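Data from work-v2.cif: mmCIF, C-alpha atoms
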data_protein
#
loop_
_atom_site.group_PDB
_atom_site.id
_atom_site.type_symbol
_atom_site.label_atom_id
_atom_site.label_comp_id
_atom_site.auth_asym_id
_atom_site.auth_seq_id
_atom_site.Cartn_x
_atom_site.Cartn_y
_atom_site.Cartn_z
ATOM 1 C CA MET A 1 67.869 190.828 77.115
ATOM 2 C CA SER A 2 68.357 190.848 80.866
ATOM 3 C CA ASN A 3 69.486 187.664 82.583
ATOM 4 C CA LEU A 4 68.120 188.830 85.943
ATOM 5 C CA LEU A 5 66.786 186.085 88.221
ATOM 6 C CA SER A 6 64.134 187.129 90.741
ATOM 7 C CA VAL A 7 64.289 184.951 93.857
ATOM 8 C CA ILE A 8 61.136 185.268 95.960
ATOM 9 C CA VAL A 9 61.284 184.353 99.656
ATOM 10 C CA PRO A 10 58.152 184.505 101.831
ATOM 11 C CA VAL A 11 59.290 185.356 105.357
ATOM 12 C CA TYR A 12 57.179 184.610 108.418
ATOM 13 C CA ASN A 13 58.792 184.085 111.827
ATOM 14 C CA ASN A 14 61.867 182.391 110.341
ATOM 15 C CA ALA A 15 64.379 184.176 112.577
ATOM 16 C CA SER A 16 66.047 180.957 113.753
ATOM 17 C CA TYR A 17 66.918 179.878 110.203
ATOM 18 C CA LEU A 18 66.731 182.972 107.999
ATOM 19 C CA ARG A 19 70.380 184.025 108.079
ATOM 20 C CA HIS A 20 71.477 180.635 106.706
ATOM 21 C CA THR A 21 68.836 180.832 103.986
ATOM 22 C CA LEU A 22 69.847 184.327 102.907
ATOM 23 C CA ALA A 23 73.535 183.428 102.882
ATOM 24 C CA SER A 24 72.906 180.428 100.626
ATOM 25 C CA ILE A 25 71.059 182.660 98.133
ATOM 26 C CA LEU A 26 73.372 185.674 98.210
ATOM 27 C CA HIS A 27 76.488 183.506 97.871
ATOM 28 C CA GLN A 28 75.242 181.841 94.695
ATOM 29 C CA SER A 29 77.843 181.649 91.941
ATOM 30 C CA TYR A 30 75.189 183.205 89.695
ATOM 31 C CA ALA A 31 75.230 186.827 90.853
ATOM 32 C CA ASP A 32 72.628 188.527 88.619
ATOM 33 C CA ILE A 33 69.903 188.143 91.229
ATOM 34 C CA GLU A 34 67.254 190.321 92.804
ATOM 35 C CA LEU A 35 66.200 188.902 96.149
ATOM 36 C CA LEU A 36 62.629 189.768 97.108
ATOM 37 C CA LEU A 37 62.044 189.209 100.823
ATOM 38 C CA VAL A 38 58.312 189.348 101.491
ATOM 39 C CA ASP A 39 57.756 189.811 105.225
ATOM 40 C CA ASP A 40 54.304 188.374 105.879
ATOM 41 C CA GLY A 41 53.661 190.158 109.169
ATOM 42 C CA SER A 42 56.397 188.444 111.194
ATOM 43 C CA THR A 43 56.236 188.874 114.969
ATOM 44 C CA ASP A 44 59.787 187.732 115.715
ATOM 45 C CA GLU A 45 63.140 189.170 114.577
ATOM 46 C CA SER A 46 62.748 188.114 110.936
ATOM 47 C CA LEU A 47 62.159 191.614 109.575
ATOM 48 C CA SER A 48 65.197 192.975 111.424
ATOM 49 C CA ILE A 49 67.327 190.207 109.927
ATOM 50 C CA CYS A 50 66.050 191.122 106.454
ATOM 51 C CA GLU A 51 66.811 194.805 107.014
ATOM 52 C CA GLU A 52 70.274 193.985 108.317
ATOM 53 C CA ALA A 53 71.005 191.947 105.187
ATOM 54 C CA ALA A 54 69.593 194.642 102.873
ATOM 55 C CA LYS A 55 72.049 197.206 104.275
ATOM 56 C CA LYS A 56 74.907 194.973 103.153
ATOM 57 C CA ASP A 57 73.575 193.854 99.744
ATOM 58 C CA SER A 58 71.820 196.145 97.274
ATOM 59 C CA ARG A 59 70.269 193.180 95.472
ATOM 60 C CA ILE A 60 67.752 192.781 98.307
ATOM 61 C CA THR A 61 64.289 194.335 98.224
ATOM 62 C CA ILE A 62 62.095 194.070 101.316
ATOM 63 C CA ILE A 63 58.332 193.979 100.880
ATOM 64 C CA LYS A 64 56.234 194.371 104.029
ATOM 65 C CA LYS A 65 52.661 193.163 104.211
ATOM 66 C CA GLU A 66 50.027 192.036 106.674
ATOM 67 C CA ASN A 67 49.935 188.317 107.389
ATOM 68 C CA GLY A 68 48.118 186.503 104.622
ATOM 69 C CA GLY A 69 49.921 183.180 104.279
ATOM 70 C CA VAL A 70 52.696 181.816 102.085
ATOM 71 C CA SER A 71 50.675 181.956 98.859
ATOM 72 C CA SER A 72 49.807 185.595 99.427
ATOM 73 C CA ALA A 73 53.479 186.390 100.073
ATOM 74 C CA ARG A 74 54.660 184.573 96.939
ATOM 75 C CA ASN A 75 52.026 186.340 94.837
ATOM 76 C CA CYS A 76 53.135 189.673 96.233
ATOM 77 C CA GLY A 77 56.695 188.828 95.203
ATOM 78 C CA LEU A 78 55.579 187.826 91.712
ATOM 79 C CA ASP A 79 53.782 191.152 91.292
ATOM 80 C CA ARG A 80 56.985 193.038 92.169
ATOM 81 C CA ALA A 81 59.552 190.846 90.380
ATOM 82 C CA HIS A 82 61.573 192.324 87.484
ATOM 83 C CA GLY A 83 63.565 189.267 86.381
ATOM 84 C CA GLU A 84 63.384 187.355 83.143
ATOM 85 C CA TYR A 85 63.545 184.255 85.352
ATOM 86 C CA ILE A 86 61.738 183.421 88.599
ATOM 87 C CA ALA A 87 62.568 181.135 91.532
ATOM 88 C CA PHE A 88 61.066 180.537 94.976
ATOM 89 C CA VAL A 89 62.820 179.648 98.231
ATOM 90 C CA ASP A 90 61.271 179.095 101.663
ATOM 91 C CA GLY A 91 62.649 181.156 104.531
ATOM 92 C CA ASP A 92 64.143 178.181 106.357
ATOM 93 C CA ASP A 93 65.670 176.205 103.469
ATOM 94 C CA CYS A 94 69.108 176.327 101.823
ATOM 95 C CA LEU A 95 70.632 176.053 98.338
ATOM 96 C CA ASP A 96 73.906 174.704 97.076
ATOM 97 C CA VAL A 97 76.146 177.417 95.671
ATOM 98 C CA GLU A 98 76.012 176.322 92.008
ATOM 99 C CA MET A 99 72.255 175.825 91.863
ATOM 100 C CA TYR A 100 71.095 178.794 89.808
ATOM 101 C CA LYS A 101 74.194 179.001 87.615
ATOM 102 C CA GLU A 102 73.788 175.393 86.500
ATOM 103 C CA MET A 103 70.001 175.457 86.209
ATOM 104 C CA LEU A 104 70.003 178.628 84.112
ATOM 105 C CA SER A 105 72.767 177.210 81.942
ATOM 106 C CA VAL A 106 70.589 174.175 81.239
ATOM 107 C CA MET A 107 67.543 176.366 80.654
ATOM 108 C CA LYS A 108 69.345 178.377 77.981
ATOM 109 C CA LYS A 109 71.127 175.429 76.373
ATOM 110 C CA GLU A 110 67.976 173.306 76.133
ATOM 111 C CA LYS A 111 65.666 176.253 75.356
ATOM 112 C CA ALA A 112 63.439 175.126 78.228
ATOM 113 C CA ASP A 113 60.845 177.310 79.902
ATOM 114 C CA ILE A 114 61.171 175.456 83.217
ATOM 115 C CA VAL A 115 64.049 173.562 84.874
ATOM 116 C CA ASN A 116 63.682 171.165 87.800
ATOM 117 C CA CYS A 117 66.341 169.799 90.175
ATOM 118 C CA ARG A 118 66.265 167.178 92.893
ATOM 119 C CA VAL A 119 65.636 167.887 96.585
ATOM 120 C CA ILE A 120 67.000 166.482 99.831
ATOM 121 C CA LYS A 121 65.157 166.563 103.153
ATOM 122 C CA GLU A 122 67.480 166.949 106.116
ATOM 123 C CA GLY A 123 67.604 168.291 109.659
ATOM 124 C CA SER A 124 70.450 170.713 108.957
ATOM 125 C CA PHE A 125 72.160 172.058 105.839
ATOM 126 C CA SER A 126 74.932 169.873 104.469
ATOM 127 C CA PRO A 127 76.212 171.178 101.079
ATOM 128 C CA ILE A 128 76.571 168.747 98.185
ATOM 129 C CA PRO A 129 79.366 169.506 95.670
ATOM 130 C CA TYR A 130 78.108 169.792 92.101
ATOM 131 C CA THR A 131 79.114 167.171 89.569
ATOM 132 C CA THR A 132 77.923 166.809 85.988
ATOM 133 C CA CYS A 133 74.545 165.115 85.991
ATOM 134 C CA ASP A 134 72.069 163.528 83.610
ATOM 135 C CA ILE A 135 69.445 165.849 82.128
ATOM 136 C CA LEU A 136 66.071 164.705 80.860
ATOM 137 C CA VAL A 137 64.313 167.070 78.449
ATOM 138 C CA SER A 138 60.596 166.743 77.794
ATOM 139 C CA GLU A 139 58.603 168.516 75.098
ATOM 140 C CA ASN A 140 55.417 167.432 76.901
ATOM 141 C CA PRO A 141 55.977 168.713 80.460
ATOM 142 C CA ARG A 142 52.475 167.639 81.522
ATOM 143 C CA ASP A 143 53.685 164.043 81.122
ATOM 144 C CA CYS A 144 56.062 164.699 84.030
ATOM 145 C CA LEU A 145 53.183 165.215 86.478
ATOM 146 C CA SER A 146 53.391 161.614 87.664
ATOM 147 C CA LYS A 147 57.191 161.343 87.576
ATOM 148 C CA LYS A 148 58.583 160.040 90.866
ATOM 149 C CA GLY A 149 61.697 161.171 92.723
ATOM 150 C CA HIS A 150 61.974 164.676 91.260
ATOM 151 C CA PHE A 151 59.653 166.626 93.607
ATOM 152 C CA ILE A 152 57.570 167.710 90.633
ATOM 153 C CA ASP A 153 54.819 169.008 92.941
ATOM 154 C CA SER A 154 57.133 171.524 94.624
ATOM 155 C CA SER A 155 57.494 175.108 93.399
ATOM 156 C CA LEU A 156 60.832 175.492 95.203
ATOM 157 C CA ASN A 157 63.232 173.299 93.202
ATOM 158 C CA LYS A 158 62.611 175.036 89.893
ATOM 159 C CA VAL A 159 63.599 177.997 87.765
ATOM 160 C CA TYR A 160 60.808 179.390 85.594
ATOM 161 C CA ALA A 161 60.812 181.629 82.574
ATOM 162 C CA ARG A 162 58.843 184.688 83.625
ATOM 163 C CA ASP A 163 56.784 184.506 80.429
ATOM 164 C CA LEU A 164 55.716 180.975 81.347
ATOM 165 C CA ILE A 165 54.272 182.067 84.685
ATOM 166 C CA GLY A 166 52.466 185.019 83.145
ATOM 167 C CA ASN A 167 49.351 185.716 85.230
ATOM 168 C CA THR A 168 49.340 182.363 87.028
ATOM 169 C CA ARG A 169 49.275 182.829 90.800
ATOM 170 C CA PHE A 170 49.114 180.710 93.952
ATOM 171 C CA ASP A 171 45.627 180.069 95.339
ATOM 172 C CA GLU A 172 45.481 182.103 98.546
ATOM 173 C CA ASN A 173 42.455 180.209 99.835
ATOM 174 C CA ILE A 174 44.334 176.925 100.212
ATOM 175 C CA SER A 175 46.639 176.290 103.164
ATOM 176 C CA TYR A 176 48.197 172.995 102.043
ATOM 177 C CA SER A 177 49.449 171.605 98.712
ATOM 178 C CA GLU A 178 49.223 175.045 97.108
ATOM 179 C CA ASP A 179 52.553 174.239 95.430
ATOM 180 C CA LYS A 180 51.059 171.265 93.642
ATOM 181 C CA LEU A 181 48.198 173.310 92.226
ATOM 182 C CA PHE A 182 50.517 176.085 91.029
ATOM 183 C CA VAL A 183 53.041 173.716 89.447
ATOM 184 C CA THR A 184 50.339 171.671 87.719
ATOM 185 C CA GLU A 185 48.868 174.796 86.162
ATOM 186 C CA ILE A 186 52.357 175.822 85.018
ATOM 187 C CA LEU A 187 53.164 172.417 83.513
ATOM 188 C CA LEU A 188 49.870 172.315 81.647
ATOM 189 C CA LYS A 189 50.990 175.362 79.653
ATOM 190 C CA ALA A 190 54.768 174.721 79.517
ATOM 191 C CA THR A 191 56.266 173.595 76.204
ATOM 192 C CA ARG A 192 59.718 172.316 77.189
ATOM 193 C CA MET A 193 61.000 171.151 80.580
ATOM 194 C CA ALA A 194 64.447 170.020 81.718
ATOM 195 C CA LEU A 195 64.919 167.765 84.744
ATOM 196 C CA MET A 196 68.384 167.767 86.292
ATOM 197 C CA ASP A 197 69.386 164.618 88.135
ATOM 198 C CA HIS A 198 71.283 166.495 90.843
ATOM 199 C CA ILE A 199 70.329 167.646 94.344
ATOM 200 C CA PHE A 200 70.595 171.426 94.716
ATOM 201 C CA TYR A 201 67.698 172.312 97.014
ATOM 202 C CA HIS A 202 67.875 171.460 100.731
ATOM 203 C CA TYR A 203 64.495 171.226 102.413
ATOM 204 C CA ILE A 204 65.302 171.697 106.101
ATOM 205 C CA GLN A 205 62.770 169.868 108.246
ATOM 206 C CA HIS A 206 61.619 171.299 111.552
ATOM 207 C CA LYS A 207 59.004 170.061 113.985
ATOM 208 C CA ASP A 208 57.085 173.325 113.645
ATOM 209 C CA SER A 209 56.754 173.041 109.856
ATOM 210 C CA LEU A 210 53.289 172.674 108.325
ATOM 211 C CA SER A 211 53.954 169.120 107.201
ATOM 212 C CA TRP A 212 53.939 168.022 110.851
ATOM 213 C CA LYS A 213 50.433 169.352 111.515
ATOM 214 C CA ASP A 214 47.518 166.944 111.484
ATOM 215 C CA THR A 215 44.577 169.321 111.096
ATOM 216 C CA TYR A 216 41.360 169.268 109.101
ATOM 217 C CA GLU A 217 42.480 172.388 107.208
ATOM 218 C CA VAL A 218 45.582 170.552 105.993
ATOM 219 C CA TRP A 219 43.679 167.528 104.674
ATOM 220 C CA GLU A 220 40.833 169.606 103.291
ATOM 221 C CA GLY A 221 43.365 171.767 101.442
ATOM 222 C CA ASN A 222 45.058 168.647 100.106
ATOM 223 C CA PHE A 223 41.693 167.365 98.871
ATOM 224 C CA GLN A 224 40.697 170.660 97.231
ATOM 225 C CA VAL A 225 43.990 170.772 95.324
ATOM 226 C CA ASN A 226 43.739 167.190 94.085
ATOM 227 C CA LYS A 227 40.091 167.659 93.105
ATOM 228 C CA GLN A 228 40.904 170.830 91.158
ATOM 229 C CA ILE A 229 43.720 169.057 89.304
ATOM 230 C CA TYR A 230 41.461 166.074 88.583
ATOM 231 C CA ASP A 231 38.794 168.414 87.180
ATOM 232 C CA TRP A 232 41.409 170.103 84.962
ATOM 233 C CA ILE A 233 42.910 166.871 83.678
ATOM 234 C CA ARG A 234 39.781 164.866 82.916
ATOM 235 C CA ALA A 235 38.402 167.691 80.757
ATOM 236 C CA ARG A 236 41.461 167.728 78.460
ATOM 237 C CA ASN A 237 42.059 165.624 75.368
ATOM 238 C CA ASP A 238 45.846 166.103 75.290
ATOM 239 C CA ILE A 239 46.579 164.143 78.474
ATOM 240 C CA THR A 240 47.739 160.531 78.294
ATOM 241 C CA PRO A 241 45.651 157.786 79.992
ATOM 242 C CA ASN A 242 48.590 157.108 82.308
ATOM 243 C CA ILE A 243 48.623 160.683 83.620
ATOM 244 C CA LYS A 244 44.829 160.749 83.924
ATOM 245 C CA SER A 245 44.957 157.533 85.929
ATOM 246 C CA SER A 246 47.690 158.886 88.209
ATOM 247 C CA VAL A 247 45.762 162.097 88.836
ATOM 248 C CA PHE A 248 42.579 160.135 89.580
ATOM 249 C CA ARG A 249 44.442 158.027 92.149
ATOM 250 C CA GLY A 250 45.799 161.129 93.849
ATOM 251 C CA TYR A 251 42.314 162.623 93.963
ATOM 252 C CA VAL A 252 40.701 159.538 95.520
ATOM 253 C CA LYS A 253 43.523 159.058 98.017
ATOM 254 C CA SER A 254 42.897 162.631 99.183
ATOM 255 C CA ILE A 255 39.253 161.652 99.829
ATOM 256 C CA ILE A 256 40.395 158.634 101.826
ATOM 257 C CA ALA A 257 42.707 160.907 103.813
ATOM 258 C CA LEU A 258 39.663 162.999 104.785
ATOM 259 C CA LEU A 259 37.770 159.873 105.840
ATOM 260 C CA ARG A 260 40.784 158.741 107.852
ATOM 261 C CA TYR A 261 40.924 162.091 109.646
ATOM 262 C CA ASP A 262 37.193 161.988 110.412
ATOM 263 C CA VAL A 263 37.473 158.505 111.897
ATOM 264 C CA LYS A 264 40.569 159.354 113.922
ATOM 265 C CA TYR A 265 38.999 162.450 115.483
ATOM 266 C CA ARG A 266 35.487 161.045 115.828
ATOM 267 C CA LYS A 267 33.810 163.238 113.199
ATOM 268 C CA GLY A 268 31.061 160.802 112.320
ATOM 269 C CA LYS A 269 28.716 163.288 110.657
ATOM 270 C CA LYS A 270 31.472 164.725 108.467
ATOM 271 C CA TYR A 271 32.612 161.212 107.541
ATOM 272 C CA LYS A 272 29.127 160.249 106.320
ATOM 273 C CA GLU A 273 28.813 163.461 104.276
ATOM 274 C CA THR A 274 32.147 162.876 102.542
ATOM 275 C CA LEU A 275 31.419 159.194 101.894
ATOM 276 C CA GLU A 276 28.036 159.996 100.364
ATOM 277 C CA LEU A 277 29.398 162.763 98.148
ATOM 278 C CA TYR A 278 32.270 160.738 96.682
ATOM 279 C CA HIS A 279 30.952 157.177 96.945
ATOM 280 C CA ASP A 280 30.973 156.547 93.179
ATOM 281 C CA ASP A 281 34.576 157.739 92.735
ATOM 282 C CA LEU A 282 35.696 155.604 95.688
ATOM 283 C CA CYS A 283 34.010 152.515 94.240
ATOM 284 C CA ARG A 284 35.545 153.137 90.829
ATOM 285 C CA PHE A 285 38.971 153.490 92.436
ATOM 286 C CA MET A 286 38.635 150.179 94.282
ATOM 287 C CA LYS A 287 37.460 148.445 91.104
ATOM 288 C CA GLU A 288 40.092 149.826 88.711
ATOM 289 C CA THR A 289 43.205 150.251 90.857
ATOM 290 C CA SER A 290 45.818 147.572 91.471
ATOM 291 C CA LEU A 291 46.562 147.452 95.207
ATOM 292 C CA SER A 292 48.368 145.132 97.585
ATOM 293 C CA PHE A 293 46.122 142.973 99.753
ATOM 294 C CA ALA A 294 46.984 144.975 102.886
ATOM 295 C CA LYS A 295 46.371 148.338 101.220
ATOM 296 C CA ARG A 296 43.115 147.171 99.637
ATOM 297 C CA LEU A 297 41.906 145.952 103.036
ATOM 298 C CA GLU A 298 42.884 149.239 104.678
ATOM 299 C CA TYR A 299 41.055 151.340 102.088
ATOM 300 C CA LYS A 300 38.036 149.057 102.124
ATOM 301 C CA THR A 301 37.572 149.476 105.863
ATOM 302 C CA TYR A 302 37.725 153.261 105.554
ATOM 303 C CA ILE A 303 35.136 153.423 102.774
ATOM 304 C CA SER A 304 32.787 150.716 104.090
ATOM 305 C CA SER A 305 31.443 152.354 107.243
ATOM 306 C CA TYR A 306 32.380 154.697 110.039
ATOM 307 C CA PHE A 307 31.774 151.956 112.600
ATOM 308 C CA LEU A 308 33.998 149.398 110.870
ATOM 309 C CA ALA A 309 36.821 151.888 110.289
ATOM 310 C CA SER A 310 36.664 152.992 113.928
ATOM 311 C CA ILE A 311 36.812 149.425 115.232
ATOM 312 C CA VAL A 312 39.601 148.253 112.923
ATOM 313 C CA HIS A 313 41.897 151.271 113.086
ATOM 314 C CA TYR A 314 41.378 152.863 116.493
ATOM 315 C CA TYR A 315 39.415 150.755 118.996
ATOM 316 C CA PHE A 316 42.145 148.203 119.631
ATOM 317 C CA LYS A 317 44.875 150.852 119.606
ATOM 318 C CA ARG A 318 43.083 152.729 122.370
ATOM 319 C CA LYS A 319 42.628 149.472 124.309
ATOM 320 C CA LYS A 320 46.393 148.973 124.288
#
Take the structure I supplied and represent it as structure tokens, if you would.
Amino acid sequence: MSNLLSVIVPVYNNASYLRHTLASILHQSYADIELLLVDDGSTDESLSICEEAAKKDSRITIIKKENGGVSSARNCGLDRAHGEYIAFVDGDDCLDVEMYKEMLSVMKKEKADIVNCRVIKEGSFSPIPYTTCDILVSENPRDCLSKKGHFIDSSLNKVYARDLIGNTRFDENISYSEDKLFVTEILLKATRMALMDHIFYHYIQHKDSLSWKDTYEVWEGNFQVNKQIYDWIRARNDITPNIKSSVFRGYVKSIIALLRYDVKYRKGKKYKETLELYHDDLCRFMKETSLSFAKRLEYKTYISSYFLASIVHYYFKRKK
């Protein structure tokens, strides 16, 4: 059976960072890789950089498509991938050299269908030498959904068995938190997961990255993802109360984030619509959830009224 690893990289105007990303993938100590570079209609020099790299390394396949977003690009890569294993990398991030060798070794040794490593956020790539690390193996991967510190929600710090992914795809209609939705769907059908307590994946932060953007589309996407996951989880009988509670909290906090956005940008009508639609879930959250006094007060002002939230959170700040 082939040990080929398909690494899928969506590329969109990453020219400033792409060469470093490609080098960190192509220089992996695990060499049995096909690198699928999906150019999502770049308007800078990204495609030229991909073509330059492909001339030097036969493991690279370039896929050109019209701009459709990161989920569309990843799905396109999945449809063209040949590997027994799958991994995703963003076009401006970097990997430590031993990442895939060690993760695949754990996958085979532990007979896992998904392996997860830790992530570091940094302004520029600073390699971390690999040392033997602790490995946690779970036969109920869905129980890891609420695990902190392992970037469970990210699709990037993982190696997947191709058979596990199957026909699962990224939702192309969501522009934020699409990773979380994809990973949750994967973990709900996974049978054995290994979590490596070592940092391999370097998430390079830039001011132009999506996480810096405060737009309605971002928070609406975040809400849609958390609502979809909540709908999945509450309908299942094989999910522990702890996980159900964690998912419910994430769902309600995404509603509060929408209310916060509406207050901040003076969207009174939208605020009232959201509050009316999800009033019962918000009240249940406030009744059942343990919160600090300050956090409870903050949430209470946002879900009490548009006027109160505006006065408490923004009137005095504008006065200053």
Find the residues near region 33-44 of chain A: any atom within 8 Å, counting all atoms listed in the file, skip ones fewer than 5 places away on the same chain, and give them as a PDB file with C-alpha atoms, in the frame of the given file.
ATOM      1  CA  LEU A   4      68.120 188.830  85.943  1.00  0.00           C
ATOM      2  CA  LEU A   5      66.786 186.085  88.221  1.00  0.00           C
ATOM      3  CA  SER A   6      64.134 187.129  90.741  1.00  0.00           C
ATOM      4  CA  VAL A   7      64.289 184.951  93.857  1.00  0.00           C
ATOM      5  CA  ILE A   8      61.136 185.268  95.960  1.00  0.00           C
ATOM      6  CA  VAL A   9      61.284 184.353  99.656  1.00  0.00           C
ATOM      7  CA  PRO A  10      58.152 184.505 101.831  1.00  0.00           C
ATOM      8  CA  VAL A  11      59.290 185.356 105.357  1.00  0.00           C
ATOM      9  CA  TYR A  12      57.179 184.610 108.418  1.00  0.00           C
ATOM     10  CA  ASN A  13      58.792 184.085 111.827  1.00  0.00           C
ATOM     11  CA  ASN A  14      61.867 182.391 110.341  1.00  0.00           C
ATOM     12  CA  ALA A  15      64.379 184.176 112.577  1.00  0.00           C
ATOM     13  CA  CYS A  50      66.050 191.122 106.454  1.00  0.00           C
ATOM     14  CA  ARG A  59      70.269 193.180  95.472  1.00  0.00           C
ATOM     15  CA  ILE A  60      67.752 192.781  98.307  1.00  0.00           C
ATOM     16  CA  THR A  61      64.289 194.335  98.224  1.00  0.00           C
ATOM     17  CA  ILE A  62      62.095 194.070 101.316  1.00  0.00           C
ATOM     18  CA  ILE A  63      58.332 193.979 100.880  1.00  0.00           C
ATOM     19  CA  LYS A  64      56.234 194.371 104.029  1.00  0.00           C
ATOM     20  CA  LYS A  65      52.661 193.163 104.211  1.00  0.00           C
ATOM     21  CA  GLU A  66      50.027 192.036 106.674  1.00  0.00           C
ATOM     22  CA  ASN A  67      49.935 188.317 107.389  1.00  0.00           C
ATOM     23  CA  GLY A  68      48.118 186.503 104.622  1.00  0.00           C
ATOM     24  CA  GLY A  69      49.921 183.180 104.279  1.00  0.00           C
ATOM     25  CA  VAL A  70      52.696 181.816 102.085  1.00  0.00           C
ATOM     26  CA  ALA A  73      53.479 186.390 100.073  1.00  0.00           C
ATOM     27  CA  ARG A  74      54.660 184.573  96.939  1.00  0.00           C
ATOM     28  CA  CYS A  76      53.135 189.673  96.233  1.00  0.00           C
ATOM     29  CA  GLY A  77      56.695 188.828  95.203  1.00  0.00           C
ATOM     30  CA  ALA A  81      59.552 190.846  90.380  1.00  0.00           C
ATOM     31  CA  GLY A  83      63.565 189.267  86.381  1.00  0.00           C
TER      32      GLY A  83
END
Exercise for the section: Counting all atoms listed in the file, find the residues whose atoms lie at most 12 Å from (31.5, 161.6, 97.9) (file coordinates) and write them out as a ChimeraX atom specification. Expected result: /A:223,227,251-252,254-256,258-259,270-284,303
Problem - Point (54.0, 175.9, 89.6) neighbourhood (12 Å, all atoms listed in the file) written as a ChimeraX atom specification - result: /A:71,74-75,86-88,113-116,141-142,145,151-162,164-171,177-190
Keeping C-alpha atoms for every residue in the selection just given, could you write it to a file as a PDB file, in the frame of the given file?
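File written: part-v5.pdb
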ATOM      1  CA  SER A  71      50.675 181.956  98.859  1.00  0.00           C
ATOM      2  CA  ARG A  74      54.660 184.573  96.939  1.00  0.00           C
ATOM      3  CA  ASN A  75      52.026 186.340  94.837  1.00  0.00           C
ATOM      4  CA  ILE A  86      61.738 183.421  88.599  1.00  0.00           C
ATOM      5  CA  ALA A  87      62.568 181.135  91.532  1.00  0.00           C
ATOM      6  CA  PHE A  88      61.066 180.537  94.976  1.00  0.00           C
ATOM      7  CA  ASP A 113      60.845 177.310  79.902  1.00  0.00           C
ATOM      8  CA  ILE A 114      61.171 175.456  83.217  1.00  0.00           C
ATOM      9  CA  VAL A 115      64.049 173.562  84.874  1.00  0.00           C
ATOM     10  CA  ASN A 116      63.682 171.165  87.800  1.00  0.00           C
ATOM     11  CA  PRO A 141      55.977 168.713  80.460  1.00  0.00           C
ATOM     12  CA  ARG A 142      52.475 167.639  81.522  1.00  0.00           C
ATOM     13  CA  LEU A 145      53.183 165.215  86.478  1.00  0.00           C
ATOM     14  CA  PHE A 151      59.653 166.626  93.607  1.00  0.00           C
ATOM     15  CA  ILE A 152      57.570 167.710  90.633  1.00  0.00           C
ATOM     16  CA  ASP A 153      54.819 169.008  92.941  1.00  0.00           C
ATOM     17  CA  SER A 154      57.133 171.524  94.624  1.00  0.00           C
ATOM     18  CA  SER A 155      57.494 175.108  93.399  1.00  0.00           C
ATOM     19  CA  LEU A 156      60.832 175.492  95.203  1.00  0.00           C
ATOM     20  CA  ASN A 157      63.232 173.299  93.202  1.00  0.00           C
ATOM     21  CA  LYS A 158      62.611 175.036  89.893  1.00  0.00           C
ATOM     22  CA  VAL A 159      63.599 177.997  87.765  1.00  0.00           C
ATOM     23  CA  TYR A 160      60.808 179.390  85.594  1.00  0.00           C
ATOM     24  CA  ALA A 161      60.812 181.629  82.574  1.00  0.00           C
ATOM     25  CA  ARG A 162      58.843 184.688  83.625  1.00  0.00           C
ATOM     26  CA  LEU A 164      55.716 180.975  81.347  1.00  0.00           C
ATOM     27  CA  ILE A 165      54.272 182.067  84.685  1.00  0.00           C
ATOM     28  CA  GLY A 166      52.466 185.019  83.145  1.00  0.00           C
ATOM     29  CA  ASN A 167      49.351 185.716  85.230  1.00  0.00           C
ATOM     30  CA  THR A 168      49.340 182.363  87.028  1.00  0.00           C
ATOM     31  CA  ARG A 169      49.275 182.829  90.800  1.00  0.00           C
ATOM     32  CA  PHE A 170      49.114 180.710  93.952  1.00  0.00           C
ATOM     33  CA  ASP A 171      45.627 180.069  95.339  1.00  0.00           C
ATOM     34  CA  SER A 177      49.449 171.605  98.712  1.00  0.00           C
ATOM     35  CA  GLU A 178      49.223 175.045  97.108  1.00  0.00           C
ATOM     36  CA  ASP A 179      52.553 174.239  95.430  1.00  0.00           C
ATOM     37  CA  LYS A 180      51.059 171.265  93.642  1.00  0.00           C
ATOM     38  CA  LEU A 181      48.198 173.310  92.226  1.00  0.00           C
ATOM     39  CA  PHE A 182      50.517 176.085  91.029  1.00  0.00           C
ATOM     40  CA  VAL A 183      53.041 173.716  89.447  1.00  0.00           C
ATOM     41  CA  THR A 184      50.339 171.671  87.719  1.00  0.00           C
ATOM     42  CA  GLU A 185      48.868 174.796  86.162  1.00  0.00           C
ATOM     43  CA  ILE A 186      52.357 175.822  85.018  1.00  0.00           C
ATOM     44  CA  LEU A 187      53.164 172.417  83.513  1.00  0.00           C
ATOM     45  CA  LEU A 188      49.870 172.315  81.647  1.00  0.00           C
ATOM     46  CA  LYS A 189      50.990 175.362  79.653  1.00  0.00           C
ATOM     47  CA  ALA A 190      54.768 174.721  79.517  1.00  0.00           C
TER      48      ALA A 190
END
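A straight line drawn from CA of Val247 (chain A) to CA of Tyr230 (chain A) is 5.9 Å long.
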Exercise for the section: Please write as a ChimeraX atom specification the full residue list that the PyMOL selection byres ((chain A and resi 309) around 10) yields on this file. Expected result: /A:259-260,263-264,298-308,310-315
Practice task
Provide the CA of Thr132 (chain A) to CA of His198 (chain A) distance in Å, to one decimal place.
Solution key: 8.2 Å
Spatial neighbours of Asp143 (chain A), max dist 9 Å, all atoms listed in the file, sep filter under 5 positions, as a PDB file with C-alpha atoms, keeping the file's coordinate frame:
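Ended up saving to result30.pdb:
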ATOM      1  CA  SER A 138      60.596 166.743  77.794  1.00  0.00           C
ATOM      2  CA  LEU A 187      53.164 172.417  83.513  1.00  0.00           C
ATOM      3  CA  ILE A 239      46.579 164.143  78.474  1.00  0.00           C
ATOM      4  CA  THR A 240      47.739 160.531  78.294  1.00  0.00           C
ATOM      5  CA  ASN A 242      48.590 157.108  82.308  1.00  0.00           C
ATOM      6  CA  ILE A 243      48.623 160.683  83.620  1.00  0.00           C
TER       7      ILE A 243
END
Handout entry: Coordinates-based distance that separates CA of His206 (chain A) from CA of Arg266 (chain A) (Å, one decimal)
Key =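 That distance, rounded to one decimal, is 28.4 Å.
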